[in-house]
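Visitor: Got a file for you: final_16.cif, mmCIF, C-alpha atoms.
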```
data_data
#
loop_
_atom_site.label_atom_id
_atom_site.label_comp_id
_atom_site.auth_asym_id
_atom_site.auth_seq_id
_atom_site.Cartn_x
_atom_site.Cartn_y
_atom_site.Cartn_z
CA MET K 20 -1.16 -12.04 0.91
CA GLY K 21 -4.06 -10.38 2.69
CA SER K 22 -4.41 -10.13 6.43
CA VAL K 23 -7.24 -9.59 8.90
CA SER K 24 -6.88 -6.68 11.32
CA PRO K 25 -7.02 -7.55 15.04
CA SER K 26 -10.29 -6.98 16.88
CA TYR K 27 -10.52 -3.77 18.92
CA ARG K 28 -13.91 -4.60 20.40
CA GLY K 29 -14.28 -3.18 23.90
CA HIS K 30 -11.44 -0.67 23.62
CA ARG K 31 -12.27 2.94 24.47
CA PHE K 32 -9.53 4.44 22.30
CA PRO K 33 -9.68 4.37 18.49
CA VAL K 34 -7.45 2.06 16.51
CA GLU K 35 -5.35 4.99 15.28
CA VAL K 36 -4.24 5.78 18.83
CA ILE K 37 -3.61 2.15 19.78
CA SER K 38 -1.58 1.31 16.68
CA HIS K 39 0.41 4.54 16.97
CA CYS K 40 1.39 3.79 20.57
CA VAL K 41 2.45 0.25 19.65
CA TRP K 42 4.45 1.60 16.71
CA LEU K 43 6.25 4.14 18.91
CA TYR K 44 7.20 1.52 21.50
CA PHE K 45 8.51 -1.13 19.10
CA ARG K 46 10.08 1.26 16.60
CA PHE K 47 12.05 3.51 18.98
CA PRO K 48 13.95 2.84 22.24
CA LEU K 49 11.18 4.32 24.38
CA SER K 50 9.70 3.33 27.71
CA PHE K 51 5.95 3.07 28.25
CA ARG K 52 6.08 6.32 30.24
CA GLU K 53 7.87 8.08 27.37
CA VAL K 54 5.17 6.91 24.95
CA GLU K 55 2.58 8.27 27.40
CA GLU K 56 4.38 11.64 27.37
CA LEU K 57 4.59 11.77 23.57
CA MET K 58 0.89 11.05 23.28
CA LEU K 59 0.08 13.72 25.88
CA GLN K 60 1.96 16.25 23.74
CA ARG K 61 -0.48 15.35 20.95
CA GLY K 62 -3.48 15.84 23.20
CA VAL K 63 -4.13 12.14 23.88
CA VAL K 64 -4.33 11.26 27.58
CA VAL K 65 -3.43 7.60 28.00
CA SER K 66 -1.60 5.91 30.89
CA HIS K 67 1.66 4.04 30.52
CA GLU K 68 -0.04 0.91 31.91
CA THR K 69 -2.61 1.06 29.11
CA VAL K 70 0.21 1.38 26.56
CA ARG K 71 1.87 -1.68 28.13
CA ARG K 72 -1.33 -3.72 27.79
CA TRP K 73 -1.75 -2.65 24.17
CA CYS K 74 1.78 -3.70 23.33
CA LEU K 75 1.25 -7.09 24.95
CA LYS K 76 -2.07 -7.67 23.20
CA PHE K 77 -1.38 -6.26 19.74
CA GLY K 78 2.40 -6.28 19.28
CA GLN K 79 2.65 -9.92 18.23
CA ALA K 80 -0.49 -9.70 16.09
CA TYR K 81 0.95 -6.74 14.19
CA ALA K 82 4.30 -8.51 13.81
CA ASP K 83 2.59 -11.63 12.43
CA GLY K 84 0.61 -9.49 9.99
CA LEU K 85 3.78 -7.86 8.70
CA ARG K 86 5.53 -11.22 8.33
CA ARG K 87 2.64 -12.62 6.29
CA ARG K 88 3.01 -9.77 3.82
CA ARG K 89 6.75 -10.26 3.33
CA PRO K 90 8.09 -12.17 0.32
CA ALA K 91 9.14 -15.77 0.89
CA ALA K 92 12.34 -16.11 2.91
CA GLY K 93 15.61 -16.62 1.08
CA ASP K 94 17.33 -20.00 0.84
CA LYS K 95 20.48 -18.97 2.71
CA TRP K 96 20.01 -18.93 6.47
CA HIS K 97 22.37 -17.25 8.92
CA LEU K 98 22.19 -18.55 12.50
CA ASP K 99 23.84 -16.90 15.47
CA GLU K 100 23.49 -16.58 19.23
CA VAL K 101 24.37 -13.84 21.69
CA PHE K 102 24.04 -13.66 25.44
CA VAL K 103 21.41 -11.46 27.06
CA GLU K 104 21.09 -10.61 30.73
CA ILE K 105 17.72 -11.61 32.18
CA ASN K 106 17.03 -10.89 35.84
CA GLY K 107 20.77 -10.88 36.50
CA GLU K 108 21.40 -14.23 34.81
CA ARG K 109 22.97 -15.01 31.44
CA ARG K 110 20.71 -16.42 28.75
CA TYR K 111 21.21 -16.84 25.02
CA LEU K 112 19.25 -15.24 22.22
CA TRP K 113 19.29 -17.39 19.09
CA ARG K 114 18.41 -15.62 15.86
CA ALA K 115 18.07 -16.63 12.21
CA VAL K 116 18.05 -14.24 9.25
CA ASP K 117 18.10 -14.88 5.51
CA GLN K 118 20.55 -13.44 2.99
CA HIS K 119 18.37 -10.34 2.65
CA GLY K 120 18.53 -9.56 6.36
CA ASN K 121 14.93 -10.60 7.10
CA VAL K 122 14.54 -12.04 10.60
CA LEU K 123 13.18 -15.58 10.30
CA ASP K 124 12.84 -16.47 13.97
CA ILE K 125 14.26 -15.90 17.45
CA LEU K 126 14.44 -18.09 20.54
CA VAL K 127 15.63 -17.37 24.09
CA GLN K 128 17.36 -20.36 25.69
CA SER K 129 19.41 -20.98 28.80
CA ARG K 130 22.20 -22.90 27.02
CA ARG K 131 24.11 -22.93 23.77
CA ASN K 132 24.99 -26.63 23.80
CA ALA K 133 24.09 -29.25 21.20
CA LYS K 134 20.56 -29.69 22.56
CA ALA K 135 19.89 -25.96 22.28
CA ALA K 136 21.53 -25.82 18.85
CA LYS K 137 19.19 -28.57 17.60
CA ARG K 138 16.07 -27.13 19.18
CA PHE K 139 16.32 -23.79 17.38
CA PRO K 140 16.83 -25.06 13.78
CA ALA K 141 14.10 -27.66 14.33
CA LYS K 142 11.68 -24.90 15.36
CA LEU K 143 12.83 -22.79 12.42
CA MET K 144 12.37 -25.55 9.82
CA LYS K 145 8.92 -26.35 11.19
CA LYS K 146 7.95 -22.70 10.86
CA GLN K 147 9.43 -22.31 7.36
CA ARG K 148 8.27 -25.80 6.25
CA ARG K 149 11.53 -26.42 4.40
CA VAL K 150 15.28 -26.56 4.73
CA PRO K 151 17.70 -23.94 3.41
CA ARG K 152 20.11 -24.31 0.52
CA VAL K 153 22.98 -22.99 2.64
CA LEU K 154 23.36 -22.76 6.41
CA VAL K 155 25.83 -20.14 7.69
CA THR K 156 27.01 -20.17 11.31
CA ASP K 157 30.02 -19.25 13.40
CA LYS K 158 32.44 -21.91 14.59
CA LEU K 159 30.45 -23.02 17.63
CA LYS K 160 30.75 -26.83 17.59
CA SER K 161 27.12 -27.31 18.62
CA TYR K 162 26.04 -26.11 15.19
CA GLY K 163 27.92 -28.99 13.60
CA VAL K 164 25.91 -31.48 15.64
CA ALA K 165 22.63 -29.80 14.71
CA HIS K 166 23.62 -29.74 11.04
CA ARG K 167 24.54 -33.43 10.90
CA GLU K 168 21.41 -34.61 12.71
CA LEU K 169 18.79 -32.27 11.25
CA MET K 170 19.88 -31.14 7.79
CA GLY K 171 22.84 -33.20 6.66
CA SER K 172 22.10 -32.59 2.96
CA VAL K 173 22.38 -28.80 3.39
CA GLU K 174 25.65 -27.01 2.67
CA HIS K 175 27.11 -25.74 5.97
CA ARG K 176 29.55 -22.84 6.07
CA ALA K 177 31.13 -22.26 9.46
CA HIS K 178 34.05 -19.92 9.92
CA LYS K 179 34.77 -16.68 11.73
CA GLY K 180 33.47 -13.61 9.94
CA SER K 181 31.04 -15.49 7.70
CA ASN K 182 28.03 -14.59 9.79
CA ASN K 183 28.24 -10.80 9.95
CA ARG K 184 24.71 -10.37 8.59
CA ASP K 185 23.17 -12.16 11.56
CA GLU K 186 25.50 -10.54 14.08
CA ASN K 187 24.57 -7.10 12.73
CA SER K 188 20.89 -7.89 13.20
CA HIS K 189 21.51 -8.09 16.96
CA HIS K 190 22.40 -4.37 17.20
CA PRO K 191 18.80 -3.04 17.49
CA THR K 192 18.15 -5.65 20.19
CA ARG K 193 21.18 -4.48 22.15
CA GLN K 194 19.92 -0.91 21.91
CA ARG K 195 16.51 -1.88 23.30
CA GLU K 196 18.05 -4.10 25.97
CA ARG K 197 19.96 -1.10 27.36
CA ALA K 198 16.93 1.21 27.14
CA MET K 199 14.76 -1.32 29.01
CA LYS K 200 17.41 -1.83 31.73
CA TYR K 201 17.53 -5.48 30.66
CA PHE K 202 14.77 -8.09 30.63
CA ARG K 203 12.92 -9.33 33.71
CA SER K 204 12.24 -12.96 32.73
CA PRO K 205 12.91 -15.37 29.83
CA GLY K 206 9.21 -15.36 28.94
CA ALA K 207 9.04 -11.57 28.87
CA ALA K 208 12.18 -11.43 26.73
CA GLN K 209 10.77 -13.99 24.28
CA ARG K 210 7.45 -12.17 23.98
CA PHE K 211 9.01 -8.75 23.48
CA LEU K 212 11.74 -9.85 21.06
CA SER K 213 9.34 -11.95 18.99
CA ALA K 214 7.12 -8.90 18.37
CA PHE K 215 10.07 -6.50 18.14
CA SER K 216 11.83 -8.60 15.47
CA GLY K 217 8.68 -8.44 13.35
CA VAL K 218 7.84 -4.75 13.74
CA SER K 219 11.19 -2.94 14.00
CA PRO K 220 12.83 -4.29 10.80
CA HIS K 221 9.77 -3.28 8.79
CA PHE K 222 10.66 0.35 9.46
CA ARG K 223 14.40 -0.10 8.91
CA PRO K 224 14.97 -0.36 5.14
CA ARG K 225 18.55 -0.43 3.93
CA ARG K 226 18.72 3.34 3.80
CA HIS K 227 22.41 3.48 2.83
CA LEU K 228 21.45 1.92 -0.52
CA MET K 229 18.72 4.48 -1.27
CA THR K 230 18.44 8.06 -2.36
CA ALA K 231 16.55 10.44 -0.06
CA ALA K 232 13.56 10.42 -2.41
CA GLY K 233 13.68 6.64 -2.71
CA HIS K 234 13.79 6.28 1.05
CA ARG K 235 10.76 8.54 1.54
CA LEU K 236 8.83 6.57 -1.06
CA GLU K 237 9.76 3.25 0.57
CA MET K 238 8.78 4.48 4.02
CA THR K 239 5.45 5.78 2.69
CA LEU K 240 4.77 2.30 1.30
CA ARG K 241 5.70 0.67 4.59
CA PHE K 242 3.45 2.98 6.58
CA THR K 243 0.61 2.10 4.19
CA ILE K 244 1.21 -1.59 4.88
CA TRP K 245 1.24 -0.87 8.61
CA ASP K 246 -2.09 0.94 8.37
CA HIS K 247 -3.50 -2.02 6.45
CA ILE K 248 -2.47 -4.72 8.92
CA THR K 249 -3.53 -2.65 11.95
CA GLY K 250 -6.77 -1.40 10.42
CA SER K 251 -5.64 2.17 11.02
CA ILE K 252 -6.01 5.20 8.76
CA GLY K 253 -3.22 7.18 10.41
CA LEU K 254 -2.96 9.63 13.27
CA PRO K 255 -3.22 13.36 12.42
CA ALA K 256 -0.02 15.34 12.79
CA ALA K 257 0.49 17.48 15.88
CA ALA K 258 -0.41 21.15 15.52
#
```
Please express the file's structure as structure tokens.
Guide:
Amino acid sequence: MGSVSPSYRGHRFPVEVISHCVWLYFRFPLSFREVEELMLQRGVVVSHETVRRWCLKFGQAYADGLRRRRPAAGDKWHLDEVFVEINGERRYLWRAVDQHGNVLDILVQSRRNAKAAKRFPAKLMKKQRRVPRVLVTDKLKSYGVAHRELMGSVEHRAHKGSNNRDENSHHPTRQRERAMKYFRSPGAAQRFLSAFSGVSPHFRPRRHLMTAAGHRLEMTLRFTIWDHITGSIGLPAAA
């Protein structure tokens, strides 16, 4: 499926610089100041505040563009929730992935009760416009309520250890959470993680299943897709 590149009207820097800064921030556990330093090494003088504004403006647009180009989601959905610390308080990050490890959606909520468990699958089904063939969760009882009330015809598998795929998908988030010294507000966490879950997995193919040559070829393809959805032609290598 094709996609339209975001508008860069009014921006002083070229698209290659903007998209490269956004890629650095969402792909690696870097701060805005560290991105500023990396760009300075390449002869590009840009402030960390400008990088922050670019990530806010273009991060979600890039993530949406990448999602539109992905194949249709699988029919086996894994749902899981983990706590995240936001401004010193515990919140819960709900995440859904399919059997291929593709992130379907995320949602930051203050609870993990039945109401929260129903809100997330309802949002997910509305976004996917269908129900899964199989729903896989841990043994949290709230999932049972959501299953009965929202998708009673769907097979539900709930037992310890059955949801490793979704739990593993939380690892990059944990890495970024530590690098960012935790999130400042639920809204900021939702905005960042929504864009991050669209951009970061695109550059994380299942490398352990590939040869070195196969991995390089796959990454070249993924960078080409990135250039297409951002409207970039690539940033020249440093001298």
Visitor: Quick one: which residues end up in the PyMOL selection byres ((chain K and resi 161) around 6) for this structure, as a list in words?
Guide: Asn132, Ala133, Ala136, Leu159, Lys160, Tyr162, Gly163 and Val164 of chain K
Visitor: Care to translate the PyMOL selection byres ((chain K and resi 158) around 12) into actual residues of this file, as a PyMOL selection string?
Guide: chain K and resi 98-100+155-157+159-164+175-182
Visitor: Write the residues of the selection above to a file with C-alpha atoms, as an mmCIF file, in the frame of the given file.
Guide:
```cif
data_model
loop_
_atom_site.group_PDB
_atom_site.id
_atom_site.type_symbol
_atom_site.label_atom_id
_atom_site.label_comp_id
_atom_site.auth_asym_id
_atom_site.auth_seq_id
_atom_site.Cartn_x
_atom_site.Cartn_y
_atom_site.Cartn_z
ATOM 1 C CA LEU K 98 22.190 -18.550 12.500
ATOM 2 C CA ASP K 99 23.840 -16.900 15.470
ATOM 3 C CA GLU K 100 23.490 -16.580 19.230
ATOM 4 C CA VAL K 155 25.830 -20.140 7.690
ATOM 5 C CA THR K 156 27.010 -20.170 11.310
ATOM 6 C CA ASP K 157 30.020 -19.250 13.400
ATOM 7 C CA LEU K 159 30.450 -23.020 17.630
ATOM 8 C CA LYS K 160 30.750 -26.830 17.590
ATOM 9 C CA SER K 161 27.120 -27.310 18.620
ATOM 10 C CA TYR K 162 26.040 -26.110 15.190
ATOM 11 C CA GLY K 163 27.920 -28.990 13.600
ATOM 12 C CA VAL K 164 25.910 -31.480 15.640
ATOM 13 C CA HIS K 175 27.110 -25.740 5.970
ATOM 14 C CA ARG K 176 29.550 -22.840 6.070
ATOM 15 C CA ALA K 177 31.130 -22.260 9.460
ATOM 16 C CA HIS K 178 34.050 -19.920 9.920
ATOM 17 C CA LYS K 179 34.770 -16.680 11.730
ATOM 18 C CA GLY K 180 33.470 -13.610 9.940
ATOM 19 C CA SER K 181 31.040 -15.490 7.700
ATOM 20 C CA ASN K 182 28.030 -14.590 9.790
#
```
Visitor: Rounded to one decimal place, report the atom CA of K:Leu240-atom CA of K:Pro48 distance in Å.
Guide: 22.9 Å
Visitor: What residues come out when you apply the PyMOL selection byres ((chain K and resi 73-87) around 6) to this file, written as a list of chain:residue names?
Guide: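 Against this file, the PyMOL selection byres ((chain K and resi 73-87) around 6) returns the residues K:Val41, K:Val70, K:Arg71, K:Arg72, K:Arg88, K:Arg89, K:Ala214, K:Gly217, K:Val218, K:Ile248.
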Visitor: Mind checking which residues fall within 9 Å of K:Glu196, counting all atoms listed in the file, ignoring those fewer than 5 positions away in the same chain, and posting them as a list in words?
Guide: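 Listing them by chain and then by number gives Pro48, Val103, Glu104, Pro191, Tyr201 and Phe202 of chain K.
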Visitor: Write out the residues from the selection above, keeping C-alpha atoms, as a compact mmCIF listing (two decimals), in the coordinates of the input.
Guide:
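That gives us again_15.txt:
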```txt
# COMPACT_ATOMS: atom_id res chain seq x y z
CA PRO K 48 13.95 2.84 22.24
CA VAL K 103 21.41 -11.46 27.06
CA GLU K 104 21.09 -10.61 30.73
CA PRO K 191 18.80 -3.04 17.49
CA TYR K 201 17.53 -5.48 30.66
CA PHE K 202 14.77 -8.09 30.63
```
Visitor: As an exercise, work out the distance from atom CA of K:Tyr111 to atom CA of K:Phe139 in Å and give it to one decimal place.
Guide: 11.4 Å
Visitor: Just how far from atom CA of K:Gln128 is atom CA of K:Ser172, in Å to one decimal?
Guide: 26.2 Å
Visitor: Taking into account only C-alpha atoms, which residue in the set K:Arg110, K:His30, K:Lys146, K:His119 is nearest to K:Arg131?
Guide: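 Looking at the shortest contact to K:Arg131, the residue is K:Arg110.
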Visitor: Out of K:Pro151, K:Gly93, K:Gly206, K:Gly120, which residue has the shortest atom-to-atom distance to K:Arg225 when counting only C-alpha atoms?
Guide: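 Looking at the shortest contact to K:Arg225, the residue is K:Gly120.
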Visitor: Which residue is closest to K:Tyr44? Choose from K:Met58, K:Ala115, K:Ile105, K:Val122 and count only C-alpha atoms.
Guide: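 Smallest separation from K:Tyr44 among the options: K:Met58.
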Visitor: Mind giving me the axis-aligned box for stretch 239-248 of chain K with 4 Å on every side, centre plus edges in Å to one decimal, as lines of an AutoDock Vina configuration file?
Guide:
```
center_x = 1.1
center_y = 0.5
center_z = 5.1
size_x = 17.2
size_y = 18.5
size_z = 15.6
```
Visitor: Pick the closest to K:Trp245 from K:Phe222, K:Arg195, K:Val101, K:Val153: which is it, counting all atoms listed in the file?
Guide: K:Phe222
Visitor: For a quick check of your reading of the model, name the residues lying within 9 Å of the coordinate (18.5, -14.7, -3.1), counting only C-alpha atoms, and write them as a list in words.
Guide: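 Residues found, by chain and rising number: Ala92, Gly93, Asp94, Lys95, Asp117, Gln118 and His119 of chain K.
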Visitor: Restricting the calculation to all atoms listed in the file, which member of K:Val150, K:Met170, K:Leu49, K:Leu57 is positioned closest to K:Lys200?
Guide: K:Leu49
Visitor: If we count only C-alpha atoms and set the cut-off at 7 Å, which residues sit around K:Ser219, ignoring sequence neighbours fewer than 4 positions away in its own chain? Please answer as a list of chain:residue names.
Guide: K:Phe45, K:Arg46, K:Phe215, K:Arg223
Visitor: Can you patch up stretch 50-86 of chain K, filling it in to N, CA and C atoms, and show the result as a CSV table (one decimal), keeping the file's coordinate frame?
Guide:
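Contents of the output file rebuild15.csv:
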```csv
chain,number,residue,atom,x,y,z
K,50,SER,N,10.4,4.0,26.6
K,50,SER,CA,9.7,3.3,27.7
K,50,SER,C,8.2,3.6,27.6
K,51,PHE,N,7.4,2.8,28.3
K,51,PHE,CA,6.0,3.1,28.2
K,51,PHE,C,5.6,4.5,28.7
K,52,ARG,N,6.3,5.0,29.7
K,52,ARG,CA,6.1,6.3,30.2
K,52,ARG,C,6.5,7.4,29.2
K,53,GLU,N,7.5,7.1,28.4
K,53,GLU,CA,7.9,8.1,27.4
K,53,GLU,C,6.8,8.1,26.2
K,54,VAL,N,6.3,6.9,25.9
K,54,VAL,CA,5.2,6.9,25.0
K,54,VAL,C,4.0,7.7,25.5
K,55,GLU,N,3.7,7.5,26.8
K,55,GLU,CA,2.6,8.3,27.4
K,55,GLU,C,2.8,9.8,27.2
K,56,GLU,N,4.1,10.2,27.5
K,56,GLU,CA,4.4,11.6,27.4
K,56,GLU,C,4.2,12.1,25.9
K,57,LEU,N,4.7,11.4,25.0
K,57,LEU,CA,4.6,11.8,23.6
K,57,LEU,C,3.1,11.9,23.2
K,58,MET,N,2.3,11.0,23.6
K,58,MET,CA,0.9,11.0,23.3
K,58,MET,C,0.2,12.2,24.0
K,59,LEU,N,0.6,12.6,25.2
K,59,LEU,CA,0.1,13.7,25.9
K,59,LEU,C,0.4,15.0,25.1
K,60,GLN,N,1.6,15.1,24.5
K,60,GLN,CA,2.0,16.2,23.7
K,60,GLN,C,1.0,16.4,22.5
K,61,ARG,N,0.4,15.3,22.1
K,61,ARG,CA,-0.5,15.4,21.0
K,61,ARG,C,-1.9,15.4,21.4
K,62,GLY,N,-2.1,15.7,22.7
K,62,GLY,CA,-3.5,15.8,23.2
K,62,GLY,C,-4.2,14.6,23.5
K,63,VAL,N,-3.5,13.4,23.6
K,63,VAL,CA,-4.1,12.1,23.9
K,63,VAL,C,-3.7,11.7,25.3
K,64,VAL,N,-4.6,11.6,26.2
K,64,VAL,CA,-4.3,11.3,27.6
K,64,VAL,C,-4.5,9.8,27.7
K,65,VAL,N,-3.4,9.1,27.8
K,65,VAL,CA,-3.4,7.6,28.0
K,65,VAL,C,-2.3,7.2,29.0
K,66,SER,N,-2.6,6.3,29.9
K,66,SER,CA,-1.6,5.9,30.9
K,66,SER,C,-0.6,5.0,30.3
K,67,HIS,N,0.6,4.9,31.0
K,67,HIS,CA,1.7,4.0,30.5
K,67,HIS,C,1.3,2.6,30.7
K,68,GLU,N,0.4,2.3,31.7
K,68,GLU,CA,0.0,0.9,31.9
K,68,GLU,C,-1.0,0.5,30.8
K,69,THR,N,-1.8,1.4,30.3
K,69,THR,CA,-2.6,1.1,29.1
K,69,THR,C,-1.8,0.8,27.9
K,70,VAL,N,-0.7,1.6,27.7
K,70,VAL,CA,0.2,1.4,26.6
K,70,VAL,C,0.9,0.0,26.7
K,71,ARG,N,1.2,-0.4,27.9
K,71,ARG,CA,1.9,-1.7,28.1
K,71,ARG,C,0.9,-2.8,27.7
K,72,ARG,N,-0.4,-2.7,28.1
K,72,ARG,CA,-1.3,-3.7,27.8
K,72,ARG,C,-1.6,-3.8,26.3
K,73,TRP,N,-1.6,-2.7,25.6
K,73,TRP,CA,-1.8,-2.6,24.2
K,73,TRP,C,-0.6,-3.4,23.5
K,74,CYS,N,0.6,-3.1,24.0
K,74,CYS,CA,1.8,-3.7,23.3
K,74,CYS,C,1.8,-5.2,23.5
K,75,LEU,N,1.3,-5.7,24.7
K,75,LEU,CA,1.2,-7.1,25.0
K,75,LEU,C,0.2,-7.7,24.1
K,76,LYS,N,-1.0,-7.1,23.9
K,76,LYS,CA,-2.1,-7.7,23.2
K,76,LYS,C,-1.9,-7.6,21.7
K,77,PHE,N,-1.4,-6.5,21.2
K,77,PHE,CA,-1.4,-6.3,19.7
K,77,PHE,C,0.0,-6.4,19.1
K,78,GLY,N,1.1,-6.3,19.9
K,78,GLY,CA,2.4,-6.3,19.3
K,78,GLY,C,2.7,-7.5,18.4
K,79,GLN,N,2.4,-8.7,19.0
K,79,GLN,CA,2.6,-9.9,18.2
K,79,GLN,C,1.7,-10.1,17.0
K,80,ALA,N,0.5,-9.6,17.2
K,80,ALA,CA,-0.5,-9.7,16.1
K,80,ALA,C,0.0,-8.8,14.9
K,81,TYR,N,0.4,-7.6,15.2
K,81,TYR,CA,1.0,-6.7,14.2
K,81,TYR,C,2.2,-7.3,13.5
K,82,ALA,N,3.1,-7.9,14.4
K,82,ALA,CA,4.3,-8.5,13.8
K,82,ALA,C,4.0,-9.7,12.9
K,83,ASP,N,3.0,-10.5,13.3
K,83,ASP,CA,2.6,-11.6,12.4
K,83,ASP,C,2.0,-11.1,11.1
K,84,GLY,N,1.2,-10.0,11.2
K,84,GLY,CA,0.6,-9.5,10.0
K,84,GLY,C,1.7,-9.0,9.0
K,85,LEU,N,2.7,-8.3,9.6
K,85,LEU,CA,3.8,-7.9,8.7
K,85,LEU,C,4.5,-9.0,8.1
K,86,ARG,N,4.8,-10.1,8.9
K,86,ARG,CA,5.5,-11.2,8.3
K,86,ARG,C,4.8,-11.9,7.2
```
